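Structure below is start_2.cif: mmCIF, C-alpha atoms.
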```cif
data_model
loop_
_atom_site.label_atom_id
_atom_site.label_comp_id
_atom_site.auth_asym_id
_atom_site.auth_seq_id
_atom_site.Cartn_x
_atom_site.Cartn_y
_atom_site.Cartn_z
CA MET W 1 0.00 0.00 0.00
CA ASN W 2 2.82 2.32 0.94
CA ARG W 3 4.57 1.49 -2.30
CA ILE W 4 1.50 2.38 -4.33
CA ARG W 5 1.12 5.64 -2.44
CA LYS W 6 4.77 6.49 -3.02
CA THR W 7 4.49 5.68 -6.73
CA ILE W 8 1.40 7.84 -7.11
CA GLY W 9 3.09 10.62 -5.20
CA ARG W 10 6.17 10.41 -7.40
CA CYS W 11 4.05 10.44 -10.58
CA LEU W 12 2.10 13.46 -9.39
CA TRP W 13 5.29 15.25 -8.51
CA ILE W 14 6.79 14.58 -11.95
CA LEU W 15 3.56 15.69 -13.64
CA ALA W 16 3.34 18.88 -11.59
CA VAL W 17 6.96 19.79 -12.23
CA THR W 18 6.77 18.98 -15.96
CA VAL W 19 3.57 20.96 -16.48
CA SER W 20 4.93 23.88 -14.46
CA VAL W 21 8.18 24.01 -16.39
CA PHE W 22 6.23 23.84 -19.65
CA LEU W 23 3.91 26.68 -18.63
CA ILE W 24 6.82 28.80 -17.46
CA ALA W 25 8.56 28.16 -20.77
CA ILE W 26 5.65 29.18 -22.99
CA SER W 27 4.99 32.25 -20.87
CA LEU W 28 8.51 33.57 -20.33
CA LEU W 29 10.65 32.15 -23.15
CA PRO W 30 9.08 34.39 -25.85
CA ARG W 31 9.99 37.44 -23.78
CA ALA W 32 13.63 36.40 -23.89
CA PHE W 33 13.45 36.86 -27.66
CA GLY W 34 11.69 40.22 -27.49
CA TYR W 35 8.17 38.90 -28.04
CA ILE W 36 5.12 39.80 -25.98
CA PRO W 37 2.87 36.76 -25.59
CA CYS W 38 -0.90 37.13 -25.72
CA GLY W 39 -3.64 34.50 -25.51
CA LEU W 40 -6.64 34.91 -27.81
CA HIS W 41 -9.81 34.79 -25.74
CA ASP W 42 -12.27 34.47 -28.62
CA ASP W 43 -12.64 33.78 -32.34
CA SER W 44 -12.66 37.38 -33.56
CA MET W 45 -9.29 36.87 -35.28
CA GLU W 46 -10.33 33.79 -37.23
CA PRO W 47 -9.47 32.66 -39.82
CA LEU W 48 -6.15 34.41 -39.27
CA TYR W 49 -5.59 33.09 -35.74
CA LYS W 50 -7.77 30.56 -33.99
CA LYS W 51 -9.37 31.02 -30.60
CA GLY W 52 -7.00 29.89 -27.85
CA ALA W 53 -3.87 30.53 -29.90
CA LEU W 54 -0.82 32.11 -28.29
CA VAL W 55 0.17 35.07 -30.46
CA LEU W 56 3.61 36.61 -30.12
CA ALA W 57 3.80 40.33 -30.80
CA LYS W 58 6.82 42.57 -31.28
CA PRO W 59 6.81 46.33 -30.68
CA ILE W 60 6.50 48.28 -33.92
CA ALA W 61 7.06 51.89 -34.93
CA PHE W 62 4.07 53.78 -36.35
CA ASP W 63 5.70 54.23 -39.75
CA ALA W 64 6.22 50.49 -40.08
CA ILE W 65 2.52 49.63 -39.63
CA GLN W 66 0.78 48.56 -42.82
CA THR W 67 -2.87 47.85 -43.55
CA GLY W 68 -3.58 44.18 -43.00
CA ASP W 69 -1.23 43.94 -40.01
CA ALA W 70 -2.62 42.23 -36.89
CA LEU W 71 -1.76 44.35 -33.87
CA VAL W 72 -2.14 43.82 -30.12
CA PHE W 73 -3.50 46.88 -28.33
CA THR W 74 -3.87 47.78 -24.63
CA ASP W 75 -6.49 50.10 -23.22
CA PRO W 76 -4.56 52.64 -21.10
CA GLU W 77 -7.44 52.83 -18.58
CA SER W 78 -8.36 49.22 -17.91
CA ARG W 79 -5.05 47.68 -19.10
CA ALA W 80 -7.12 45.10 -20.98
CA SER W 81 -5.69 43.86 -24.28
CA PHE W 82 -7.30 43.22 -27.63
CA THR W 83 -6.07 42.09 -31.03
CA ARG W 84 -7.37 43.55 -34.31
CA VAL W 85 -6.45 43.91 -37.96
CA VAL W 86 -5.50 47.36 -39.27
CA ARG W 87 -7.72 48.51 -42.16
CA VAL W 88 -6.86 52.21 -42.58
CA ILE W 89 -3.98 54.27 -41.23
CA TRP W 90 -4.48 57.96 -40.56
CA PRO W 91 -0.91 59.23 -40.25
CA ASN W 92 -1.72 62.84 -39.44
CA GLU W 93 -3.55 61.87 -36.23
CA GLN W 94 -1.74 58.54 -35.68
CA GLN W 95 -5.10 56.81 -35.55
CA LEU W 96 -5.78 53.27 -36.72
CA VAL W 97 -9.05 52.04 -38.18
CA THR W 98 -9.42 48.37 -37.26
CA SER W 99 -11.68 45.39 -37.66
CA SER W 100 -11.80 41.72 -36.80
CA ALA W 101 -10.06 39.31 -39.15
CA SER W 102 -13.30 37.74 -40.38
CA THR W 103 -14.85 40.92 -41.79
CA ASP W 104 -13.74 44.25 -43.21
CA GLU W 105 -16.52 46.06 -41.36
CA TRP W 106 -14.73 48.70 -39.33
CA ASP W 107 -14.86 48.94 -35.56
CA PRO W 108 -17.03 51.86 -34.43
CA TYR W 109 -14.04 53.87 -33.17
CA THR W 110 -10.44 54.22 -34.20
CA THR W 111 -7.60 53.44 -31.79
CA ALA W 112 -4.57 55.65 -31.18
CA TYR W 113 -1.12 54.31 -32.01
CA ARG W 114 -0.02 54.82 -28.39
CA CYS W 115 -2.27 51.89 -27.44
CA VAL W 116 -0.30 49.53 -29.69
CA VAL W 117 1.67 46.86 -27.84
CA GLY W 118 3.08 45.25 -30.96
CA ARG W 119 2.47 43.53 -34.28
CA VAL W 120 1.66 39.83 -34.22
CA GLU W 121 4.61 38.01 -35.76
CA ARG W 122 3.95 34.43 -34.78
CA SER W 123 1.10 32.33 -33.49
CA ILE W 124 1.04 28.96 -31.78
CA PRO W 125 -2.34 27.21 -31.79
CA LEU W 126 -3.88 26.11 -28.49
CA LEU W 127 -1.01 27.28 -26.25
CA GLY W 128 -2.92 30.40 -25.28
CA TYR W 129 -5.65 28.42 -23.51
CA PRO W 130 -3.81 28.00 -20.15
CA ALA W 131 -3.21 31.76 -19.88
CA VAL W 132 -6.75 32.61 -21.01
CA TRP W 133 -8.15 30.21 -18.45
CA ALA W 134 -5.90 31.56 -15.68
CA HIS W 135 -7.28 35.06 -16.33
CA THR W 136 -10.88 33.99 -15.90
CA ALA W 137 -12.64 34.27 -12.52
CA LEU W 138 -13.27 30.52 -12.48
CA GLY W 139 -9.63 29.82 -13.26
CA LYS W 140 -8.43 32.01 -10.40
CA ILE W 141 -10.89 30.40 -7.98
CA ILE W 142 -9.82 26.87 -8.96
CA ILE W 143 -6.12 27.74 -8.66
CA ALA W 144 -6.71 29.25 -5.21
CA LEU W 145 -8.74 26.22 -4.13
CA ILE W 146 -6.03 23.83 -5.28
CA TYR W 147 -3.45 25.63 -3.16
CA ILE W 148 -5.77 25.86 -0.15
CA ILE W 149 -6.53 22.15 -0.30
CA TRP W 150 -2.85 21.36 -0.84
CA ILE W 151 -1.82 23.42 2.18
CA ALA W 152 -4.57 21.81 4.27
CA VAL W 153 -3.41 18.31 3.26
CA GLU W 154 0.23 19.19 4.04
CA ILE W 155 -0.70 20.59 7.45
CA GLU W 156 -2.76 17.50 8.24
CA ALA W 157 0.03 15.16 7.07
CA HIS W 158 2.55 17.11 9.14
CA GLY W 159 0.27 16.81 12.19
CA VAL W 160 -0.15 13.05 11.70
CA SER W 161 3.61 12.46 11.41
CA LYS W 162 4.21 14.59 14.54
CA ARG W 163 1.70 12.50 16.48
CA ARG W 164 3.35 9.28 15.26
CA GLU W 165 6.75 10.55 16.42
CA THR W 166 5.32 11.46 19.82
CA THR W 167 3.71 8.02 20.18
CA ALA W 168 6.92 6.31 19.13
CA MET H 1 11.36 14.79 0.46
CA LYS H 2 10.91 18.25 1.91
CA GLY H 3 13.16 19.66 -0.78
CA LYS H 4 11.05 18.01 -3.49
CA LYS H 5 7.85 19.43 -2.03
CA LEU H 6 9.33 22.88 -1.79
CA LEU H 7 10.51 22.68 -5.40
CA CYS H 8 7.05 21.60 -6.50
CA ILE H 9 5.36 24.46 -4.65
CA VAL H 10 7.78 27.04 -5.98
CA LEU H 11 7.52 25.77 -9.56
CA THR H 12 3.74 25.63 -9.60
CA LEU H 13 3.52 29.12 -8.09
CA ALA H 14 6.00 30.38 -10.67
CA ALA H 15 3.93 28.76 -13.43
CA VAL H 16 0.76 30.46 -12.21
CA CYS H 17 2.49 33.83 -11.94
CA SER H 18 4.02 33.55 -15.40
CA LEU H 19 0.65 32.58 -16.88
CA LEU H 20 -0.84 35.72 -15.40
CA LEU H 21 1.89 37.72 -17.15
CA VAL H 22 0.62 36.52 -20.53
CA ARG H 23 -1.94 38.99 -21.87
CA ASP H 24 -5.52 37.89 -22.32
CA SER H 25 -6.79 39.39 -25.58
CA VAL H 26 -10.51 40.14 -25.91
CA ALA H 27 -12.47 40.96 -29.09
CA TRP H 28 -12.43 44.75 -29.10
CA LEU H 29 -12.41 47.67 -26.71
CA ASN H 30 -13.17 51.32 -27.19
CA THR H 31 -10.04 52.81 -25.64
CA GLN H 32 -11.43 56.37 -25.64
CA THR H 33 -8.26 57.37 -27.50
CA GLY H 34 -9.86 57.23 -30.91
CA THR H 35 -12.60 58.96 -32.86
CA GLU H 36 -15.55 57.81 -34.84
CA PRO H 37 -14.37 57.17 -38.41
CA SER H 38 -15.84 60.16 -40.20
CA GLY H 39 -16.57 60.81 -43.82
CA THR H 40 -13.35 62.76 -44.19
CA VAL H 41 -10.19 60.76 -44.48
CA LYS H 42 -6.74 62.28 -44.56
CA VAL H 43 -3.81 60.12 -45.47
CA ASP H 44 -0.65 62.19 -45.70
CA LYS H 45 -1.50 64.74 -48.41
CA MET H 46 -4.44 62.73 -49.68
CA ALA H 47 -7.81 63.78 -48.34
CA PHE H 48 -11.29 62.66 -49.35
CA THR H 49 -14.78 63.10 -48.05
CA PHE H 50 -17.28 60.33 -48.60
CA ASN H 51 -20.98 61.01 -48.61
CA GLY H 52 -23.97 58.71 -48.59
CA GLU H 53 -24.99 55.70 -46.55
CA LEU H 54 -25.80 52.09 -47.24
CA ALA H 55 -29.06 51.23 -45.51
CA ALA H 56 -28.27 49.75 -42.12
CA SER H 57 -31.52 47.92 -41.62
CA LEU H 58 -33.47 45.60 -43.82
CA GLN H 59 -37.20 45.00 -43.83
CA TYR H 60 -38.93 42.86 -41.20
CA LEU H 61 -42.13 40.87 -41.53
CA ASN H 62 -43.35 38.41 -38.91
CA GLY H 63 -39.98 38.67 -37.19
CA VAL H 64 -38.07 37.57 -40.27
CA GLU H 65 -35.53 39.87 -41.84
CA TYR H 66 -35.60 39.86 -45.62
CA VAL H 67 -34.42 41.70 -48.67
CA VAL H 68 -37.09 43.32 -50.77
CA THR H 69 -36.74 42.73 -54.47
CA ASP H 70 -35.41 45.87 -56.11
CA GLN H 71 -34.56 47.43 -52.73
CA ASN H 72 -31.88 50.08 -53.17
CA PHE H 73 -29.20 49.59 -50.56
CA ILE H 74 -28.27 53.25 -50.68
CA GLU H 75 -30.23 54.97 -47.96
CA ASN H 76 -33.11 57.21 -49.01
CA ASP H 77 -32.41 56.33 -52.66
CA GLY H 78 -29.40 58.61 -52.39
CA THR H 79 -25.96 58.59 -53.89
CA LEU H 80 -22.55 57.40 -52.79
CA SER H 81 -20.10 60.12 -53.73
CA VAL H 82 -16.50 61.13 -53.11
CA THR H 83 -15.06 64.62 -52.84
CA ASN H 84 -11.37 65.04 -53.49
CA GLU H 85 -9.58 67.46 -51.19
CA SER H 86 -6.07 66.17 -51.79
CA THR H 87 -3.25 68.59 -52.40
CA ILE H 88 -1.44 66.11 -54.64
CA PRO H 89 -2.54 64.15 -57.72
CA THR H 90 -4.28 60.95 -56.65
CA GLU H 91 -5.94 57.93 -58.15
CA VAL H 92 -9.11 56.43 -56.71
CA ARG H 93 -10.96 53.19 -57.36
CA PHE H 94 -13.70 51.14 -55.73
CA HIS H 95 -14.93 47.59 -55.80
CA ILE H 96 -18.16 46.02 -54.58
CA THR H 97 -18.60 42.65 -52.92
CA TYR H 98 -21.92 41.06 -52.06
CA VAL H 99 -23.30 37.91 -50.53
CA THR H 100 -25.69 35.44 -52.16
CA PRO H 101 -26.89 32.00 -51.05
CA SER H 102 -24.48 30.50 -53.63
CA TYR H 103 -21.62 32.76 -52.52
CA PRO H 104 -21.91 33.08 -48.73
CA ALA H 105 -18.32 34.28 -48.49
CA GLY H 106 -18.96 37.06 -50.98
CA LYS H 107 -18.65 37.70 -54.70
CA THR H 108 -17.15 40.68 -56.54
CA TYR H 109 -19.43 42.70 -58.78
CA LYS H 110 -18.06 42.90 -62.34
CA ALA H 111 -21.00 44.20 -64.35
CA GLU H 112 -21.39 40.82 -66.01
CA ALA H 113 -24.44 38.75 -66.87
CA THR H 114 -23.58 36.35 -64.04
CA ASP H 115 -23.87 39.06 -61.40
CA SER H 116 -26.82 38.84 -59.02
CA LEU H 117 -26.49 42.51 -58.18
CA SER H 118 -27.57 45.49 -60.22
CA VAL H 119 -25.41 48.60 -59.74
CA THR H 120 -25.88 51.98 -61.35
CA ILE H 121 -22.47 53.57 -61.64
CA ASN H 122 -21.71 57.07 -62.83
CA ASP H 123 -20.08 56.02 -66.08
CA SER H 124 -19.15 59.60 -66.90
CA HIS H 125 -16.16 59.15 -64.62
CA TRP H 126 -15.80 55.55 -63.43
CA VAL H 127 -14.41 52.85 -65.71
CA GLN H 128 -13.90 49.21 -64.89
CA THR H 129 -10.34 48.04 -65.41
CA LEU H 130 -9.43 44.93 -67.37
CA ASP H 131 -6.74 42.44 -66.57
CA SER H 132 -4.05 41.14 -68.97
CA ASN H 133 -6.62 38.77 -70.51
CA ASP H 134 -9.03 41.64 -71.08
CA GLN H 135 -11.32 40.30 -68.39
CA PRO H 136 -13.12 42.66 -65.97
CA THR H 137 -11.39 42.97 -62.60
CA GLY H 138 -14.24 44.39 -60.55
CA TYR H 139 -12.26 47.58 -59.87
CA PHE H 140 -13.81 50.81 -61.11
CA GLU H 141 -11.28 53.63 -61.46
CA TYR H 142 -11.94 57.33 -61.56
CA TYR H 143 -11.14 59.30 -64.73
CA SER H 144 -11.45 63.05 -64.80
CA VAL H 145 -11.49 62.69 -68.61
CA LEU H 146 -12.75 59.39 -69.98
CA PRO H 147 -10.61 57.43 -72.43
CA ASP H 148 -11.75 58.17 -75.97
CA PRO H 149 -11.66 55.03 -78.18
CA ASP H 150 -12.14 57.25 -81.24
CA GLY H 151 -9.39 59.62 -80.21
CA THR H 152 -6.46 60.31 -82.49
CA THR H 153 -3.88 61.17 -79.87
CA PRO H 154 -2.42 58.90 -77.21
CA GLU H 155 -3.65 61.35 -74.57
CA ALA H 156 -7.21 61.15 -75.87
CA LEU H 157 -7.06 57.36 -76.11
CA ALA H 158 -5.78 57.00 -72.57
CA GLY H 159 -8.01 59.64 -71.01
CA THR H 160 -6.96 61.31 -67.77
CA LYS H 161 -6.94 58.98 -64.79
CA GLY H 162 -7.39 60.22 -61.25
CA PHE H 163 -7.89 63.56 -59.54
CA ALA H 164 -5.63 66.54 -60.05
CA ALA H 165 -4.31 68.26 -56.95
CA LEU H 166 -6.86 70.65 -55.50
CA ALA H 167 -5.63 74.18 -56.00
CA ALA H 168 -5.44 76.51 -53.03
CA ASN H 169 -8.74 78.34 -52.42
CA ALA H 170 -10.49 76.08 -54.93
CA THR H 171 -13.82 74.53 -53.98
CA ALA H 172 -13.91 70.77 -54.02
CA THR H 173 -16.97 69.29 -55.68
CA PRO H 174 -18.40 65.84 -55.00
CA VAL H 175 -18.26 63.23 -57.74
CA ASP H 176 -21.10 60.73 -57.82
CA ALA H 177 -19.91 57.15 -57.86
CA ILE H 178 -22.97 54.92 -57.34
CA THR H 179 -26.65 55.83 -57.39
CA ASP H 180 -28.34 52.46 -57.03
CA ILE H 181 -27.45 48.99 -55.73
CA HIS H 182 -30.03 46.24 -55.55
CA TYR H 183 -30.30 42.50 -55.82
CA LEU H 184 -31.89 41.12 -58.98
CA ASP H 185 -35.29 39.45 -58.81
CA GLU H 186 -34.24 35.87 -59.44
CA LEU H 187 -32.24 35.78 -56.25
CA ILE H 188 -35.15 36.08 -53.85
CA VAL H 189 -36.53 32.62 -53.20
CA ASN H 190 -38.93 30.98 -50.79
CA GLY H 191 -38.10 27.31 -50.86
CA SER H 192 -38.17 26.37 -54.52
CA ASP H 193 -40.43 29.19 -55.59
CA VAL H 194 -38.77 32.04 -57.36
CA LEU H 195 -40.72 35.14 -56.53
CA SER H 196 -41.56 37.57 -59.23
CA HIS H 197 -40.77 41.25 -59.33
CA ASN H 198 -42.06 43.18 -56.28
CA ASP H 199 -43.06 40.08 -54.34
CA TYR H 200 -42.03 39.93 -50.70
CA PHE H 201 -40.20 37.02 -49.16
CA VAL H 202 -41.68 35.61 -45.95
CA GLY H 203 -40.23 32.82 -43.78
CA GLY H 204 -38.40 29.79 -45.17
CA GLU H 205 -34.70 29.94 -45.90
CA ALA H 206 -33.69 33.53 -46.05
CA PHE H 207 -30.35 35.15 -46.53
CA LYS H 208 -29.28 38.54 -45.33
CA GLY H 209 -28.32 40.82 -48.18
CA GLU H 210 -24.81 42.10 -47.54
CA VAL H 211 -23.10 44.63 -49.71
CA HIS H 212 -19.67 46.18 -49.20
CA VAL H 213 -18.33 49.09 -51.21
CA VAL H 214 -14.61 49.63 -50.66
CA PHE H 215 -12.75 52.72 -51.87
CA GLU H 216 -9.00 52.70 -52.36
CA ALA H 217 -6.67 55.55 -53.16
CA LYS H 218 -3.02 56.13 -53.91
CA GLN H 219 -0.72 58.95 -54.78
CA ALA H 220 -0.61 59.06 -58.55
CA ALA H 221 3.12 58.45 -58.73
CA TYR H 222 3.05 55.38 -56.50
CA VAL H 223 1.84 51.81 -56.99
CA ASP H 224 0.45 50.80 -53.59
CA TRP H 225 -3.30 51.15 -53.15
CA GLN H 226 -4.64 51.91 -49.71
CA THR H 227 -8.17 51.35 -48.46
CA VAL H 228 -9.53 54.71 -47.40
CA TRP H 229 -13.25 54.07 -46.95
CA THR H 230 -15.68 51.19 -46.70
CA TRP H 231 -19.45 51.27 -46.92
CA ALA H 232 -21.29 48.22 -45.60
CA ASN H 233 -25.00 47.75 -45.09
CA THR H 234 -24.63 45.40 -42.09
#
```
Just give me the structure of the file as structure tokens.
Amino acid sequence: MNRIRKTIGRCLWILAVTVSVFLIAISLLPRAFGYIPCGLHDDSMEPLYKKGALVLAKPIAFDAIQTGDALVFTDPESRASFTRVVRVIWPNEQQLVTSSASTDEWDPYTTAYRCVVGRVERSIPLLGYPAVWAHTALGKIIIALIYIIWIAVEIEAHGVSKRRETTA
Amino acid sequence: MKGKKLLCIVLTLAAVCSLLLVRDSVAWLNTQTGTEPSGTVKVDKMAFTFNGELAASLQYLNGVEYVVTDQNFIENDGTLSVTNESTIPTEVRFHITYVTPSYPAGKTYKAEATDSLSVTINDSHWVQTLDSNDQPTGYFEYYSVLPDPDGTTPEALAGTKGFAALAANATATPVDAITDIHYLDELIVNGSDVLSHNDYFVGGEAFKGEVHVVFEAKQAAYVDWQTVWTWANT
């Protein structure tokens, strides 16, 4: 019985470490190469990029932006991010007319260049899902619960081993 | 064992923190840094004003949205026009795409017999270009002077393409581009019945008429076209 428990424990440990290293890699490794990673929350960029894809953006100067470029923007107030395709560039005001990738119908308002985080250079399907999920309320609750339960189990296990030592 | 547990805790916490550093991109946000795209577009020294609207709403009957046969997509039976205010010579063209049950992804209007759309274009100034095989491209370019097939000089044969630079203190005048866009009768169906002219379509398999008119412009000396305005009825 002990052996089975130890084996399960070892497997869980390996799984947890492997998954953690993988998640750290996909989140931080792009930054080492100058990319800003962003997970796509919805399908507004299809067929260009699928929902759940991890897009990697690089900062871009205003003069280098061309119509058809997919850019990642950040709202300066809420700090929320969104990804759109550039349809028209207004250089005099540094404003960008954008739309989703599936239609050329323009968004109701332009966005200023200063909101641009970068131009999407690469995309990796599916790898954006962990980050998207972690940002959701449910994701945060589940992560917190996992740690709470883990801590509770560790405290209980510590208490049991202390009692065994005392008895011995 | 303790070391392993500590490593596991640290790694999983690091993974969670690094995931939260990855941005979560939503569909679209109004950042309050922009403006409503207006009818006047300025791109470097190019400037145009676009007038007219494609009807935003279609007819409803019994809760079903439908396209009326012969319905002009230009609001109030008006005109789509462009006014050049550029201070440099420019070239302007437009193309029209529309949706049909056979072409749900859209089809380009080319003024051919196979088109399901009827478009009245101001042919005093707008000419459809042909490709290398003399086939229509769907792009209608502006000519201030139309090409003259009976002309005797190269200039007359070629016509004058594009807008001249607007002189200082000159008044810019609008140029009509399109005065009518409507689907042709045969397109409106109710099951297998093809409705005749002026009949309304009720229930059954409907499609939503979608028309997009896209204007592009470029400085006359350059080759790269740039989209400067889009009309859409949806």
| field | Interface residues on chain H facing chain W, 8 Å, all atoms listed in the file, written as a PyMOL selection string | value | chain H and resi 8+11-12+14-16+18-37+41-44+226-230+232
| When distances are computed from all atoms listed in the file, which of W:Gly118, W:Ala157, W:Arg164, W:Glu46 shows the smallest separation from Ala64 of chain W? |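 Once distances to Ala64 of chain W are computed over all atoms listed in the file, the minimum belongs to W:Gly118.
Considering the residues W:Ala32, W:Leu48, W:Cys11, W:Ile4 and counting all atoms listed in the file, Ile124 of chain W has its shortest atom-to-atom contact with W:Leu48.
Counting all atoms listed in the file and comparing H:Asn84, H:Thr49, H:Gln135, H:Thr120, the residue that lies closest to Ala172 of chain H is H:Asn84.
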| remark: Correct to one decimal, the distance atom CA of Ile96 of chain H-atom CA of Tyr109 of chain H is 5.5 Å
| query | Expanded to explicit residues, what is the PyMOL selection byres ((chain H and resi 91) around 10) for this file, as a list of chain:residue names? | reply |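 With the PyMOL selection byres ((chain H and resi 91) around 10) on this model, the match is H:Met46, H:Ile88, H:Pro89, H:Thr90, H:Val92, H:Arg93, H:Glu141, H:Tyr142, H:Tyr143, H:Lys161, H:Gly162, H:Phe163, H:Ala164, H:Glu216, H:Ala217, H:Lys218, H:Gln219, H:Ala220, H:Ala221, H:Tyr222, H:Val223, H:Trp225.
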Around the point (-15.4, 71.2, -53.7) (coordinates from the file), which residues reach within 8 Å if we count all atoms listed in the file? Answer as a JSON list (two decimals) with C-alpha atoms, in the frame of the given file.
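Below is the file part_2.json, written as the result:
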```json
[["chain", "number", "residue", "atom", "x", "y", "z"],
["H", 83, "THR", "CA", -15.06, 64.62, -52.84],
["H", 84, "ASN", "CA", -11.37, 65.04, -53.49],
["H", 85, "GLU", "CA", -9.58, 67.46, -51.19],
["H", 170, "ALA", "CA", -10.49, 76.08, -54.93],
["H", 171, "THR", "CA", -13.82, 74.53, -53.98],
["H", 172, "ALA", "CA", -13.91, 70.77, -54.02],
["H", 173, "THR", "CA", -16.97, 69.29, -55.68],
["H", 174, "PRO", "CA", -18.40, 65.84, -55.00]]
```
| said: I'd like the contact shell of Ala156 of chain H - 10 Å cut-off, only C-alpha atoms, skipping same-chain residues fewer than 4 positions apart - returned as a ChimeraX atom specification. | reply: /H:145-152,160
| Separation of atom CA of Pro104 of chain H and atom CA of Val127 of chain H, in Å? |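 Going from atom CA of Pro104 of chain H over to atom CA of Val127 of chain H covers 27.1 Å.
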| said: Quick check, in Å to one decimal: how far apart do atom CA of Ser124 of chain H and atom CA of Leu80 of chain H lie? | reply: 14.7 Å
Output of the PyMOL selection byres ((chain H and resi 74-76) around 12), listed as a compact mmCIF listing (two decimals) with C-alpha atoms, in the coordinates of the input:
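The new file result36.txt reads:
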```
# COMPACT_ATOMS: atom_id res chain seq x y z
CA ASN H 51 -20.98 61.01 -48.61
CA GLY H 52 -23.97 58.71 -48.59
CA GLU H 53 -24.99 55.70 -46.55
CA LEU H 54 -25.80 52.09 -47.24
CA ALA H 55 -29.06 51.23 -45.51
CA ALA H 56 -28.27 49.75 -42.12
CA SER H 57 -31.52 47.92 -41.62
CA LEU H 58 -33.47 45.60 -43.82
CA ASP H 70 -35.41 45.87 -56.11
CA GLN H 71 -34.56 47.43 -52.73
CA ASN H 72 -31.88 50.08 -53.17
CA PHE H 73 -29.20 49.59 -50.56
CA ASP H 77 -32.41 56.33 -52.66
CA GLY H 78 -29.40 58.61 -52.39
CA THR H 79 -25.96 58.59 -53.89
CA LEU H 80 -22.55 57.40 -52.79
CA SER H 81 -20.10 60.12 -53.73
CA VAL H 119 -25.41 48.60 -59.74
CA THR H 120 -25.88 51.98 -61.35
CA ALA H 177 -19.91 57.15 -57.86
CA ILE H 178 -22.97 54.92 -57.34
CA THR H 179 -26.65 55.83 -57.39
CA ASP H 180 -28.34 52.46 -57.03
CA ILE H 181 -27.45 48.99 -55.73
CA HIS H 182 -30.03 46.24 -55.55
CA VAL H 211 -23.10 44.63 -49.71
CA HIS H 212 -19.67 46.18 -49.20
CA VAL H 213 -18.33 49.09 -51.21
CA TRP H 231 -19.45 51.27 -46.92
CA ALA H 232 -21.29 48.22 -45.60
CA ASN H 233 -25.00 47.75 -45.09
```
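Using the PyMOL selection byres ((chain W and resi 122) around 6) on this structure selects Val55, Leu56, Val120, Glu121 and Ser123 of chain W.
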| request: Measuring atom to atom with all atoms listed in the file, identify which of W:Leu138, W:Ile146, W:Glu165, W:Val86 is nearest to Ile9 of chain H. | output: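 Closest candidate: W:Ile146.
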Would you save segment 149-165 of chain H from the block above with C-alpha atoms, as a short mmCIF file (atom, residue, chain, number, x, y, z; two decimals), in the first residue's frame?
```cif
data_model
loop_
_atom_site.label_atom_id
_atom_site.label_comp_id
_atom_site.auth_asym_id
_atom_site.auth_seq_id
_atom_site.Cartn_x
_atom_site.Cartn_y
_atom_site.Cartn_z
CA PRO H 149 -11.66 55.03 -78.18
CA ASP H 150 -12.14 57.25 -81.24
CA GLY H 151 -9.39 59.62 -80.21
CA THR H 152 -6.46 60.31 -82.49
CA THR H 153 -3.88 61.17 -79.87
CA PRO H 154 -2.42 58.90 -77.21
CA GLU H 155 -3.65 61.35 -74.57
CA ALA H 156 -7.21 61.15 -75.87
CA LEU H 157 -7.06 57.36 -76.11
CA ALA H 158 -5.78 57.00 -72.57
CA GLY H 159 -8.01 59.64 -71.01
CA THR H 160 -6.96 61.31 -67.77
CA LYS H 161 -6.94 58.98 -64.79
CA GLY H 162 -7.39 60.22 -61.25
CA PHE H 163 -7.89 63.56 -59.54
CA ALA H 164 -5.63 66.54 -60.05
CA ALA H 165 -4.31 68.26 -56.95
#
```
